[in-house]
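Novice: So I've got this file, final-v8.pdb, and it contains PDB, C-alpha atoms:
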ATOM      1  CA  MET A 179       9.423  36.888  29.842
ATOM      2  CA  ARG A 180       7.381  34.214  28.122
ATOM      3  CA  SER A 181       6.648  30.957  29.850
ATOM      4  CA  LYS A 182       7.883  27.608  28.550
ATOM      5  CA  GLY A 183       4.321  26.678  27.619
ATOM      6  CA  GLU A 184       3.954  29.768  25.439
ATOM      7  CA  GLU A 185       7.292  29.093  23.753
ATOM      8  CA  LYS A 186       6.310  25.472  23.096
ATOM      9  CA  ALA A 187       2.941  26.494  21.630
ATOM     10  CA  GLU A 188       4.624  29.105  19.441
ATOM     11  CA  SER A 189       7.183  26.566  18.177
ATOM     12  CA  GLN A 190       4.395  24.110  17.363
ATOM     13  CA  GLN A 191       2.499  26.788  15.432
ATOM     14  CA  SER A 192       5.600  27.777  13.475
ATOM     15  CA  ALA A 193       6.298  24.111  12.713
ATOM     16  CA  GLU A 194       2.770  23.666  11.392
ATOM     17  CA  LYS A 195       3.075  26.789   9.249
ATOM     18  CA  SER A 196       6.402  25.701   7.844
ATOM     19  CA  GLY A 197       5.128  22.197   7.209
ATOM     20  CA  SER A 198       7.761  20.515   9.413
ATOM     21  CA  THR A 199       5.255  18.582  11.509
ATOM     22  CA  GLU A 200       5.447  14.817  11.831
ATOM     23  CA  TRP A 201       3.462  12.417   9.671
ATOM     24  CA  PRO A 202       0.407  10.877  11.359
ATOM     25  CA  SER A 203       1.176   7.480  12.845
ATOM     26  CA  VAL A 204      -0.075   5.034  15.452
ATOM     27  CA  GLY A 205       1.468   4.174  18.785
ATOM     28  CA  LEU A 206       3.399   1.037  19.574
ATOM     29  CA  GLY A 207       0.406  -0.119  21.624
ATOM     30  CA  VAL A 208      -1.604  -0.601  18.431
ATOM     31  CA  TYR A 209       1.144  -2.797  16.987
ATOM     32  CA  PHE A 210       1.387  -4.739  20.255
ATOM     33  CA  VAL A 211      -2.338  -5.475  20.358
ATOM     34  CA  ALA A 212      -2.419  -6.433  16.670
ATOM     35  CA  TYR A 213       0.634  -8.706  16.932
ATOM     36  CA  PHE A 214      -0.573 -10.249  20.193
ATOM     37  CA  TYR A 215      -3.959 -11.096  18.685
ATOM     38  CA  ALA A 216      -2.294 -12.479  15.549
ATOM     39  CA  THR A 217      -0.013 -14.643  17.728
ATOM     40  CA  ILE A 218      -2.994 -16.087  19.625
ATOM     41  CA  CYS A 219      -4.717 -16.851  16.318
ATOM     42  CA  LEU A 220      -1.575 -18.503  14.951
ATOM     43  CA  LEU A 221      -1.261 -20.696  18.065
ATOM     44  CA  LEU A 222      -4.867 -21.792  17.593
ATOM     45  CA  VAL A 223      -4.206 -22.572  13.951
ATOM     46  CA  VAL A 224      -1.109 -24.658  14.655
ATOM     47  CA  TYR A 225      -1.783 -26.298  18.025
ATOM     48  CA  ALA A 226      -5.582 -26.559  18.383
ATOM     49  CA  ASP A 227      -6.880 -30.104  18.714
ATOM     50  CA  SER A 228      -8.936 -31.897  16.114
ATOM     51  CA  ASP A 229     -12.205 -30.799  17.707
ATOM     52  CA  TYR A 230     -11.466 -27.219  16.674
ATOM     53  CA  GLY A 231     -12.057 -28.133  13.033
ATOM     54  CA  GLN A 232     -10.270 -27.279   9.804
ATOM     55  CA  TRP A 233     -12.848 -24.673   8.791
ATOM     56  CA  LYS A 234     -12.379 -22.778  12.060
ATOM     57  CA  ARG A 235      -8.622 -22.949  11.574
ATOM     58  CA  LYS A 236      -8.962 -21.250   8.188
ATOM     59  CA  ILE A 237     -11.186 -18.518   9.607
ATOM     60  CA  THR A 238      -8.715 -18.004  12.453
ATOM     61  CA  LEU A 239      -5.888 -17.649   9.934
ATOM     62  CA  LEU A 240      -7.833 -14.871   8.209
ATOM     63  CA  HIS A 241      -8.270 -13.200  11.622
ATOM     64  CA  ALA A 242      -4.492 -13.266  12.114
ATOM     65  CA  LEU A 243      -3.814 -11.723   8.702
ATOM     66  CA  LEU A 244      -6.433  -9.016   9.216
ATOM     67  CA  ALA A 245      -4.985  -8.193  12.631
ATOM     68  CA  LEU A 246      -1.553  -7.657  11.072
ATOM     69  CA  GLU A 247      -3.084  -5.321   8.472
ATOM     70  CA  PHE A 248      -4.936  -3.256  11.088
ATOM     71  CA  PRO A 249      -2.067  -0.801  11.865
ATOM     72  CA  SER A 250      -1.625  -0.034   8.149
ATOM     73  CA  LEU A 251      -5.357   0.562   7.734
ATOM     74  CA  LEU A 252      -5.427   2.856  10.757
ATOM     75  CA  ILE A 253      -2.400   4.855   9.560
ATOM     76  CA  SER A 254      -3.971   5.272   6.115
ATOM     77  CA  LEU A 255      -7.176   6.638   7.647
ATOM     78  CA  LYS A 256      -5.249   8.973   9.968
ATOM     79  CA  VAL A 257      -3.166  10.358   7.099
ATOM     80  CA  TYR A 258      -6.291  10.927   4.999
ATOM     81  CA  TRP A 259      -8.065  12.684   7.860
ATOM     82  CA  ALA A 260      -5.006  14.823   8.642
ATOM     83  CA  MET A 261      -4.653  15.917   5.010
ATOM     84  CA  ARG A 262      -8.295  16.922   4.632
ATOM     85  CA  GLY A 263      -8.679  20.639   4.090
ATOM     86  CA  ARG A 264      -4.943  21.287   4.142
ATOM     87  CA  GLU A 265      -3.092  23.252   1.542
ATOM     88  CA  LYS A 266       0.251  21.972   0.316
ATOM     89  CA  ALA A 267       1.989  24.397   2.655
ATOM     90  CA  GLY A 268       0.364  22.553   5.552
ATOM     91  CA  VAL A 269       1.563  19.122   4.481
ATOM     92  CA  PRO A 270       4.309  17.803   6.777
ATOM     93  CA  LYS A 271       7.625  18.501   5.093
ATOM     94  CA  ARG A 272       9.713  16.147   7.209
ATOM     95  CA  ARG A 273      10.617  13.272   4.918
ATOM     96  CA  PRO A 274      10.855   9.729   6.313
ATOM     97  CA  GLU A 275      14.148   8.654   7.842
ATOM     98  CA  LEU A 276      16.026   5.373   7.335
ATOM     99  CA  SER A 277      14.685   4.151  10.674
ATOM    100  CA  GLY A 278      11.103   4.568   9.465
ATOM    101  CA  VAL A 279      11.835   2.639   6.267
ATOM    102  CA  MET A 280      13.499  -0.151   8.271
ATOM    103  CA  PHE A 281      10.511  -0.312  10.631
ATOM    104  CA  SER A 282       8.193  -0.618   7.635
ATOM    105  CA  LEU A 283      10.296  -3.456   6.219
ATOM    106  CA  LEU A 284      10.452  -5.246   9.572
ATOM    107  CA  SER A 285       6.655  -5.169   9.765
ATOM    108  CA  TYR A 286       6.606  -7.840   7.048
ATOM    109  CA  ILE A 287       8.326 -10.348   9.354
ATOM    110  CA  PRO A 288       5.165 -11.124  11.402
ATOM    111  CA  ARG A 289       3.208 -11.628   8.168
ATOM    112  CA  SER A 290       5.896 -13.992   6.907
ATOM    113  CA  CYS A 291       5.840 -15.960  10.165
ATOM    114  CA  VAL A 292       2.068 -16.412  10.090
ATOM    115  CA  LEU A 293       2.147 -17.535   6.465
ATOM    116  CA  TRP A 294       5.188 -19.782   6.988
ATOM    117  CA  PHE A 295       3.885 -21.688  10.021
ATOM    118  CA  SER A 296       0.413 -22.182   8.515
ATOM    119  CA  PHE A 297       1.638 -23.185   5.035
ATOM    120  CA  GLY A 298       0.844 -26.796   4.239
ATOM    121  CA  LEU A 299      -1.306 -27.026   7.353
ATOM    122  CA  ILE A 300      -4.065 -24.585   6.405
ATOM    123  CA  TRP A 301      -3.242 -23.249   2.967
ATOM    124  CA  ASP A 302      -1.152 -23.935  -0.112
ATOM    125  CA  TRP A 303      -0.476 -22.072  -3.337
ATOM    126  CA  GLN A 304      -3.473 -23.581  -5.086
ATOM    127  CA  SER A 305      -5.874 -22.505  -2.328
ATOM    128  CA  VAL A 306      -4.949 -18.836  -2.885
ATOM    129  CA  GLY A 307      -5.123 -19.013  -6.683
ATOM    130  CA  LEU A 308      -1.394 -19.039  -7.369
ATOM    131  CA  ALA A 309      -1.262 -22.401  -9.143
ATOM    132  CA  SER A 310      -1.525 -22.185 -12.926
ATOM    133  CA  ARG A 311      -1.289 -24.639 -15.790
ATOM    134  CA  LEU A 312       0.846 -22.146 -17.695
ATOM    135  CA  ASN A 313       4.586 -21.716 -17.347
ATOM    136  CA  ALA A 314       5.403 -19.464 -14.373
ATOM    137  CA  SER A 315       7.839 -17.253 -16.286
ATOM    138  CA  THR A 316       5.314 -16.789 -19.094
ATOM    139  CA  VAL A 317       2.609 -15.832 -16.608
ATOM    140  CA  PHE A 318       4.927 -13.345 -14.909
ATOM    141  CA  VAL A 319       5.972 -11.700 -18.180
ATOM    142  CA  VAL A 320       2.396 -11.455 -19.485
ATOM    143  CA  GLY A 321       1.122 -10.047 -16.185
ATOM    144  CA  GLY A 322       3.954  -7.525 -16.068
ATOM    145  CA  MET A 323       3.347  -6.346 -19.624
ATOM    146  CA  LEU A 324      -0.359  -5.916 -18.937
ATOM    147  CA  GLY A 325       0.482  -3.854 -15.859
ATOM    148  CA  LEU A 326       2.777  -1.531 -17.807
ATOM    149  CA  LEU A 327       0.151  -1.093 -20.533
ATOM    150  CA  TYR A 328      -2.478  -0.279 -17.915
ATOM    151  CA  ARG A 329      -0.321   2.290 -16.116
ATOM    152  CA  TYR A 330       0.837   3.876 -19.365
ATOM    153  CA  GLY A 331      -2.756   4.065 -20.617
ATOM    154  CA  TRP A 332      -3.963   5.602 -17.349
ATOM    155  CA  ALA A 333      -1.151   8.173 -17.420
ATOM    156  CA  TRP A 334      -1.934   9.027 -21.049
ATOM    157  CA  VAL A 335      -5.628   9.592 -20.267
ATOM    158  CA  ALA A 336      -4.746  11.750 -17.246
ATOM    159  CA  TRP A 337      -2.342  13.760 -19.414
ATOM    160  CA  LYS A 338      -5.028  14.338 -22.056
ATOM    161  CA  ILE A 339      -7.602  15.344 -19.479
ATOM    162  CA  SER A 340      -5.181  17.883 -18.011
ATOM    163  CA  ASP A 341      -4.928  19.652 -21.404
ATOM    164  CA  GLN A 342      -1.359  18.466 -21.896
ATOM    165  CA  GLU A 343      -0.084  20.617 -19.016
ATOM    166  CA  THR A 344       1.812  19.344 -15.985
ATOM    167  CA  PRO A 345      -0.986  19.191 -13.381
ATOM    168  CA  GLU A 346      -0.529  20.588  -9.899
ATOM    169  CA  PHE A 347      -0.690  17.662  -7.504
ATOM    170  CA  ASP A 348      -3.447  17.856  -4.961
ATOM    171  CA  THR A 349      -2.638  17.696  -1.267
ATOM    172  CA  HIS A 350      -2.929  13.935  -0.926
ATOM    173  CA  MET A 351      -0.782  13.067  -3.938
ATOM    174  CA  TYR A 352       1.766  15.708  -2.956
ATOM    175  CA  ALA A 353       1.949  14.101   0.489
ATOM    176  CA  THR A 354       2.201  10.639  -1.073
ATOM    177  CA  TYR A 355       5.139  11.702  -3.207
ATOM    178  CA  ARG A 356       6.922  13.196  -0.215
ATOM    179  CA  MET A 357       6.375   9.970   1.740
ATOM    180  CA  HIS A 358       8.141   8.058  -1.059
ATOM    181  CA  LEU A 359      11.306  10.145  -0.866
ATOM    182  CA  PRO A 360      13.033   9.326   2.448
ATOM    183  CA  ARG A 361      16.305  10.941   3.436
ATOM    184  CA  GLY A 362      19.445   9.249   2.149
ATOM    185  CA  LYS A 363      20.215   7.013  -0.816
ATOM    186  CA  VAL A 364      20.103   3.806   1.237
ATOM    187  CA  ALA A 365      16.613   4.582   2.527
ATOM    188  CA  GLN A 366      15.444   5.527  -0.966
ATOM    189  CA  TRP A 367      16.713   2.266  -2.483
ATOM    190  CA  LEU A 368      15.208   0.186   0.326
ATOM    191  CA  LEU A 369      11.857   1.917  -0.060
ATOM    192  CA  ALA A 370      12.000   1.398  -3.837
ATOM    193  CA  VAL A 371      12.558  -2.348  -3.323
ATOM    194  CA  GLN A 372       9.675  -2.439  -0.864
ATOM    195  CA  THR A 373       7.389  -0.528  -3.231
ATOM    196  CA  VAL A 374       8.195  -2.539  -6.352
ATOM    197  CA  VAL A 375       8.762  -6.066  -4.983
ATOM    198  CA  ILE A 376       7.862  -6.722  -1.344
ATOM    199  CA  SER A 377       4.672  -4.706  -0.939
ATOM    200  CA  PRO A 378       2.950  -5.958  -4.140
ATOM    201  CA  PHE A 379       3.723  -9.586  -3.283
ATOM    202  CA  PHE A 380       2.292  -9.448   0.245
ATOM    203  CA  GLU A 381      -0.600  -7.175  -0.704
ATOM    204  CA  GLU A 382      -1.778  -9.430  -3.503
ATOM    205  CA  LEU A 383      -1.241 -12.588  -1.468
ATOM    206  CA  VAL A 384      -3.307 -11.223   1.432
ATOM    207  CA  TYR A 385      -5.879  -8.973  -0.242
ATOM    208  CA  ARG A 386      -6.549 -11.032  -3.374
ATOM    209  CA  GLY A 387      -5.228 -14.481  -2.528
ATOM    210  CA  PHE A 388      -6.680 -14.832   0.963
ATOM    211  CA  LEU A 389      -9.421 -12.208   1.277
ATOM    212  CA  VAL A 390     -10.925 -12.969  -2.144
ATOM    213  CA  PHE A 391      -9.961 -16.435  -3.425
ATOM    214  CA  PHE A 392      -9.356 -18.232  -0.117
ATOM    215  CA  LEU A 393     -12.339 -16.621   1.628
ATOM    216  CA  ALA A 394     -14.659 -17.523  -1.255
ATOM    217  CA  SER A 395     -13.625 -21.184  -0.960
ATOM    218  CA  LEU A 396     -14.826 -21.238   2.669
ATOM    219  CA  PHE A 397     -18.389 -20.449   1.622
ATOM    220  CA  PRO A 398     -19.142 -22.717  -1.364
ATOM    221  CA  ASN A 399     -22.270 -21.087  -2.720
ATOM    222  CA  ALA A 400     -23.279 -18.828  -5.560
ATOM    223  CA  GLY A 401     -22.469 -15.582  -3.721
ATOM    224  CA  SER A 402     -19.164 -16.618  -2.184
ATOM    225  CA  HIS A 403     -17.030 -14.947  -4.848
ATOM    226  CA  GLY A 404     -19.036 -11.753  -4.454
ATOM    227  CA  LEU A 405     -18.428 -11.845  -0.694
ATOM    228  CA  GLY A 406     -14.693 -12.169  -1.213
ATOM    229  CA  ALA A 407     -14.682  -9.373  -3.794
ATOM    230  CA  VAL A 408     -16.592  -6.979  -1.495
ATOM    231  CA  VAL A 409     -14.321  -7.681   1.487
ATOM    232  CA  GLY A 410     -11.154  -7.392  -0.608
ATOM    233  CA  LEU A 411     -12.306  -4.214  -2.363
ATOM    234  CA  THR A 412     -13.332  -2.497   0.875
ATOM    235  CA  LEU A 413     -10.005  -3.162   2.593
ATOM    236  CA  CYS A 414      -8.043  -2.297  -0.560
ATOM    237  CA  LEU A 415      -9.709   1.126  -0.810
ATOM    238  CA  LEU A 416      -9.238   1.818   2.891
ATOM    239  CA  VAL A 417      -5.531   0.997   2.838
ATOM    240  CA  HIS A 418      -5.017   3.399  -0.111
ATOM    241  CA  ILE A 419      -7.318   6.192   1.048
ATOM    242  CA  TYR A 420      -4.310   8.195   2.273
ATOM    243  CA  GLN A 421      -3.707   9.031  -1.414
ATOM    244  CA  GLY A 422      -7.018  10.908  -1.512
ATOM    245  CA  LEU A 423     -10.512  10.103  -2.714
ATOM    246  CA  ALA A 424      -9.656  11.035  -6.303
ATOM    247  CA  SER A 425      -7.032   8.285  -6.475
ATOM    248  CA  LEU A 426      -9.544   5.611  -5.461
ATOM    249  CA  LYS A 427     -10.940   5.578  -8.999
ATOM    250  CA  SER A 428      -7.712   4.107 -10.331
ATOM    251  CA  HIS A 429      -7.570   1.619  -7.441
ATOM    252  CA  LEU A 430     -11.157   0.556  -8.138
ATOM    253  CA  LEU A 431     -10.384  -0.045 -11.800
ATOM    254  CA  ALA A 432      -7.177  -1.868 -10.901
ATOM    255  CA  PHE A 433      -9.076  -4.065  -8.433
ATOM    256  CA  LEU A 434     -11.537  -5.116 -11.135
ATOM    257  CA  ILE A 435      -8.593  -6.009 -13.388
ATOM    258  CA  TYR A 436      -7.044  -7.960 -10.520
ATOM    259  CA  LEU A 437     -10.235  -9.998 -10.155
ATOM    260  CA  VAL A 438     -10.303 -10.828 -13.858
ATOM    261  CA  LEU A 439      -6.653 -11.892 -13.786
ATOM    262  CA  LEU A 440      -7.123 -13.840 -10.543
ATOM    263  CA  TYR A 441      -9.796 -16.081 -12.073
ATOM    264  CA  SER A 442      -8.056 -16.253 -15.443
ATOM    265  CA  PRO A 443      -5.348 -18.792 -16.383
ATOM    266  CA  LEU A 444      -2.764 -16.278 -15.140
ATOM    267  CA  GLY A 445      -3.978 -16.648 -11.566
ATOM    268  CA  LEU A 446      -2.491 -14.879  -8.576
ATOM    269  CA  LEU A 447       1.034 -14.910 -10.037
ATOM    270  CA  GLY A 448      -0.203 -12.802 -12.956
ATOM    271  CA  VAL A 449      -1.839 -10.413 -10.488
ATOM    272  CA  ILE A 450       1.399 -10.071  -8.526
ATOM    273  CA  ALA A 451       3.375  -9.367 -11.714
ATOM    274  CA  PHE A 452       0.724  -6.845 -12.810
ATOM    275  CA  HIS A 453       0.961  -5.013  -9.480
ATOM    276  CA  MET A 454       4.765  -5.050  -9.462
ATOM    277  CA  SER A 455       4.965  -3.502 -12.923
ATOM    278  CA  CYS A 456       2.392  -0.852 -11.944
ATOM    279  CA  ASN A 457       4.472   0.104  -8.917
ATOM    280  CA  LEU A 458       7.632   0.082 -11.024
ATOM    281  CA  PHE A 459       5.985   2.544 -13.416
ATOM    282  CA  PHE A 460       4.969   4.695 -10.449
ATOM    283  CA  GLN A 461       8.477   4.610  -8.976
ATOM    284  CA  VAL A 462      10.162   5.605 -12.247
ATOM    285  CA  ASN A 463       7.560   8.300 -12.890
ATOM    286  CA  PHE A 464       7.974   9.555  -9.337
ATOM    287  CA  TYR A 465      11.728  10.018  -9.646
ATOM    288  CA  HIS A 466      11.220  11.646 -13.038
ATOM    289  CA  TRP A 467       8.764  14.110 -11.499
ATOM    290  CA  TRP A 468      10.919  14.807  -8.437
ATOM    291  CA  ARG A 469      14.244  15.230 -10.249
ATOM    292  CA  TRP A 470      13.060  16.960 -13.426
ATOM    293  CA  HIS A 471       9.473  18.250 -13.320
ATOM    294  CA  LEU A 472       9.536  19.802  -9.849
ATOM    295  CA  PRO A 473      12.676  21.946 -10.463
ATOM    296  CA  GLN A 474      11.168  23.151 -13.750
ATOM    297  CA  MET A 475       7.911  24.071 -12.013
ATOM    298  CA  ARG A 476       9.863  26.003  -9.370
ATOM    299  CA  SER A 477      11.968  27.830 -11.962
ATOM    300  CA  ARG A 478       8.815  28.839 -13.882
ATOM    301  CA  ARG A 479       7.336  30.267 -10.681
ATOM    302  CA  VAL A 480      10.524  32.230  -9.985
ATOM    303  CA  ARG A 481      10.585  33.663 -13.527
ATOM    304  CA  ALA A 482       6.887  34.565 -13.268
ATOM    305  CA  GLU A 483       7.489  36.453 -10.041
TER     306      GLU A 483
END
Write the structure described by the file as structure tokens, please.
Specialist:
Amino acid sequence: MRSKGEEKAESQQSAEKSGSTEWPSVGLGVYFVAYFYATICLLLVVYADSDYGQWKRKITLLHALLALEFPSLLISLKVYWAMRGREKAGVPKRRPELSGVMFSLLSYIPRSCVLWFSFGLIWDWQSVGLASRLNASTVFVVGGMLGLLYRYGWAWVAWKISDQETPEFDTHMYATYRMHLPRGKVAQWLLAVQTVVISPFFEELVYRGFLVFFLASLFPNAGSHGLGAVVGLTLCLLVHIYQGLASLKSHLLAFLIYLVLLYSPLGLLGVIAFHMSCNLFFQVNFYHWWRWHLPQMRSRRVRAE
């Protein structure tokens, strides 16, 4: 008779072969440390005496925001490292559950609290580049249209490069698409709202508004904007590296467009609208691929065999 250890090892091997392994994640301890550090920073921002200084308060606020982004950065790196060298058959097949989607949505509450309690005390909309002399609805529509044109143009170029054939997704993009199809309609709709609305708003506010525009204002010299751009670009690429190195080219180009829009009359609101429309294009294209392209690809394989 086989021992329990041998049976467990065999079940793990069969799970890996069948692709039913779990997605890489981080423990609750990482979230606890990140949230604890962000809480200490927020208390310093709100309750520190006048001797602490306004400049130090602003730097401390950036520390709090970076601490809250640390779990996401670590997960992105772990997913990238886990997917390296794997074939599609080795990609975890277990799709996210509703609980995972809810946990992801709840992770925006600490960010909201930090921004809410420090608003008006440390930062305002103008300090992150959101204020614009143009009408807000006009800025949003223009930014959204530019985002759709960019995504459509990028998709057209990729289609031409692939010789007008449906390309086989590499391991990272295949994994990314599976991560965006949780089990159940409720989870899928919640994740779609997060992808199209919530995530672009917070990502642009933190990565472009604070880590580029706000950070540059703390160092008023000729190279301050370059410092903010380097910091924002580095963190932006790291948080999207789970999609694979090949996808970073589009993120690099998008980041450069974000910078142009951020310092244009459209401001941060135009950047947010641009990002939302890009994610909307991705979401629609994703469902089109999953519901129509993938079954056709499978049927062609079956007929070929």
Novice: I need the output of the PyMOL selection byres ((chain A and resi 243-249) around 8) for this file as a PDB file with C-alpha atoms, in the coordinates of the input; which residues are they?
Specialist:
ATOM      1  CA  VAL A 204      -0.075   5.034  15.452  1.00  0.00           C
ATOM      2  CA  VAL A 208      -1.604  -0.601  18.431  1.00  0.00           C
ATOM      3  CA  TYR A 209       1.144  -2.797  16.987  1.00  0.00           C
ATOM      4  CA  ALA A 212      -2.419  -6.433  16.670  1.00  0.00           C
ATOM      5  CA  TYR A 213       0.634  -8.706  16.932  1.00  0.00           C
ATOM      6  CA  TYR A 215      -3.959 -11.096  18.685  1.00  0.00           C
ATOM      7  CA  ALA A 216      -2.294 -12.479  15.549  1.00  0.00           C
ATOM      8  CA  LEU A 239      -5.888 -17.649   9.934  1.00  0.00           C
ATOM      9  CA  LEU A 240      -7.833 -14.871   8.209  1.00  0.00           C
ATOM     10  CA  HIS A 241      -8.270 -13.200  11.622  1.00  0.00           C
ATOM     11  CA  ALA A 242      -4.492 -13.266  12.114  1.00  0.00           C
ATOM     12  CA  SER A 250      -1.625  -0.034   8.149  1.00  0.00           C
ATOM     13  CA  LEU A 251      -5.357   0.562   7.734  1.00  0.00           C
ATOM     14  CA  LEU A 252      -5.427   2.856  10.757  1.00  0.00           C
ATOM     15  CA  ILE A 253      -2.400   4.855   9.560  1.00  0.00           C
ATOM     16  CA  PRO A 288       5.165 -11.124  11.402  1.00  0.00           C
ATOM     17  CA  ARG A 289       3.208 -11.628   8.168  1.00  0.00           C
ATOM     18  CA  VAL A 292       2.068 -16.412  10.090  1.00  0.00           C
ATOM     19  CA  VAL A 384      -3.307 -11.223   1.432  1.00  0.00           C
TER      20      VAL A 384
END
Novice: Need to verify the contact set: stretch 232-238 of chain A, 12 Å, only C-alpha atoms, exclusion of same-chain residues closer than 3 positions in sequence. Can you return it as number ranges by chain?
Specialist: A: 215-229, 241-245, 292-293, 296-302, 305, 388-389, 392-397
Novice: What does the structure give for the distance between atom CA of A:Gly387 and atom CA of A:Leu430, in Å to one decimal?
Specialist: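 Going from atom CA of A:Gly387 over to atom CA of A:Leu430, I get 17.1 Å.
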Novice: Skip A:Leu415 itself and residues of its chain fewer than 3 positions away, then list as a PyMOL selection string all residues within 8 Å of it, counting only C-alpha atoms.
Specialist: chain A and resi 411-412+418-419+426+429-430
Novice: Would you put the residues from that selection into a file with C-alpha atoms, as a short mmCIF file (atom, residue, chain, number, x, y, z; two decimals), keeping the file's coordinate frame?
Specialist:
data_model
loop_
_atom_site.label_atom_id
_atom_site.label_comp_id
_atom_site.auth_asym_id
_atom_site.auth_seq_id
_atom_site.Cartn_x
_atom_site.Cartn_y
_atom_site.Cartn_z
CA LEU A 411 -12.31 -4.21 -2.36
CA THR A 412 -13.33 -2.50 0.88
CA HIS A 418 -5.02 3.40 -0.11
CA ILE A 419 -7.32 6.19 1.05
CA LEU A 426 -9.54 5.61 -5.46
CA HIS A 429 -7.57 1.62 -7.44
CA LEU A 430 -11.16 0.56 -8.14
#
Novice: Name the residues that the PyMOL selection byres ((chain A and resi 371) around 12) pulls out of this structure, and write them as a list in words.
Specialist: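 Output from the PyMOL selection byres ((chain A and resi 371) around 12), applied to this file: Val279, Met280, Ser282, Leu283, His358, Val364, Ala365, Gln366, Trp367, Leu368, Leu369, Ala370, Gln372, Thr373, Val374, Val375, Ile376, Ser377, Pro378, Phe379, Met454, Asn457, Leu458 and Gln461 of chain A.
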Novice: Can you tell me how far atom CA of A:Phe460 sits from atom CA of A:Trp332, in Å to one decimal?
Specialist: 11.3 Å
Novice: Just so the selection is clear, what residues does the PyMOL selection byres ((chain A and resi 311-319) around 12) cover here, as a PyMOL selection string?
Specialist: chain A and resi 304+307-310+320-326+439-440+442-455
Novice: With C-alpha atoms retained, could you export that selection as an mmCIF file, in the frame of the given file?
Specialist:
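Listing of part_24.cif after writing:
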data_model
loop_
_atom_site.group_PDB
_atom_site.id
_atom_site.type_symbol
_atom_site.label_atom_id
_atom_site.label_comp_id
_atom_site.auth_asym_id
_atom_site.auth_seq_id
_atom_site.Cartn_x
_atom_site.Cartn_y
_atom_site.Cartn_z
ATOM 1 C CA GLN A 304 -3.473 -23.581 -5.086
ATOM 2 C CA GLY A 307 -5.123 -19.013 -6.683
ATOM 3 C CA LEU A 308 -1.394 -19.039 -7.369
ATOM 4 C CA ALA A 309 -1.262 -22.401 -9.143
ATOM 5 C CA SER A 310 -1.525 -22.185 -12.926
ATOM 6 C CA VAL A 320 2.396 -11.455 -19.485
ATOM 7 C CA GLY A 321 1.122 -10.047 -16.185
ATOM 8 C CA GLY A 322 3.954 -7.525 -16.068
ATOM 9 C CA MET A 323 3.347 -6.346 -19.624
ATOM 10 C CA LEU A 324 -0.359 -5.916 -18.937
ATOM 11 C CA GLY A 325 0.482 -3.854 -15.859
ATOM 12 C CA LEU A 326 2.777 -1.531 -17.807
ATOM 13 C CA LEU A 439 -6.653 -11.892 -13.786
ATOM 14 C CA LEU A 440 -7.123 -13.840 -10.543
ATOM 15 C CA SER A 442 -8.056 -16.253 -15.443
ATOM 16 C CA PRO A 443 -5.348 -18.792 -16.383
ATOM 17 C CA LEU A 444 -2.764 -16.278 -15.140
ATOM 18 C CA GLY A 445 -3.978 -16.648 -11.566
ATOM 19 C CA LEU A 446 -2.491 -14.879 -8.576
ATOM 20 C CA LEU A 447 1.034 -14.910 -10.037
ATOM 21 C CA GLY A 448 -0.203 -12.802 -12.956
ATOM 22 C CA VAL A 449 -1.839 -10.413 -10.488
ATOM 23 C CA ILE A 450 1.399 -10.071 -8.526
ATOM 24 C CA ALA A 451 3.375 -9.367 -11.714
ATOM 25 C CA PHE A 452 0.724 -6.845 -12.810
ATOM 26 C CA HIS A 453 0.961 -5.013 -9.480
ATOM 27 C CA MET A 454 4.765 -5.050 -9.462
ATOM 28 C CA SER A 455 4.965 -3.502 -12.923
#
Novice: Kindly give the distance, in Å, that separates atom CA of A:Cys456 and atom CA of A:Tyr328, rounded to a single decimal.
Specialist: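 Calculated distance between atom CA of A:Cys456 and atom CA of A:Tyr328 is 7.7 Å.
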Novice: How would you write as a list in words the residues that get within 6 Å of (-3.2, 5.7, 5.3) in the file's frame, counting all atoms listed in the file?
Specialist: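 Protein, DNA and RNA residues close to (-3.2, 5.7, 5.3): Ile253, Ser254, Leu255, Val257, Val417, Ile419 and Tyr420 of chain A.
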Novice: Go ahead and save the picked residues with C-alpha atoms, as a PDB file, keeping the file's coordinate frame.
Specialist:
ATOM      1  CA  ILE A 253      -2.400   4.855   9.560  1.00  0.00           C
ATOM      2  CA  SER A 254      -3.971   5.272   6.115  1.00  0.00           C
ATOM      3  CA  LEU A 255      -7.176   6.638   7.647  1.00  0.00           C
ATOM      4  CA  VAL A 257      -3.166  10.358   7.099  1.00  0.00           C
ATOM      5  CA  VAL A 417      -5.531   0.997   2.838  1.00  0.00           C
ATOM      6  CA  ILE A 419      -7.318   6.192   1.048  1.00  0.00           C
ATOM      7  CA  TYR A 420      -4.310   8.195   2.273  1.00  0.00           C
TER       8      TYR A 420
END
Novice: Which of these residues is nearest to A:Pro274, using only C-alpha atoms: A:Tyr258, A:Ile287, A:Tyr230, A:Arg361?
Specialist: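 Smallest separation from A:Pro274 among the options: A:Arg361.
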Novice: My list of candidates is A:Tyr465, A:Phe214, A:Tyr441, A:Phe380. Which is closest to A:His403 when distances are computed with all atoms listed in the file?
Specialist: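 Looking only at the distances to A:His403, the closest residue turns out to be A:Tyr441.
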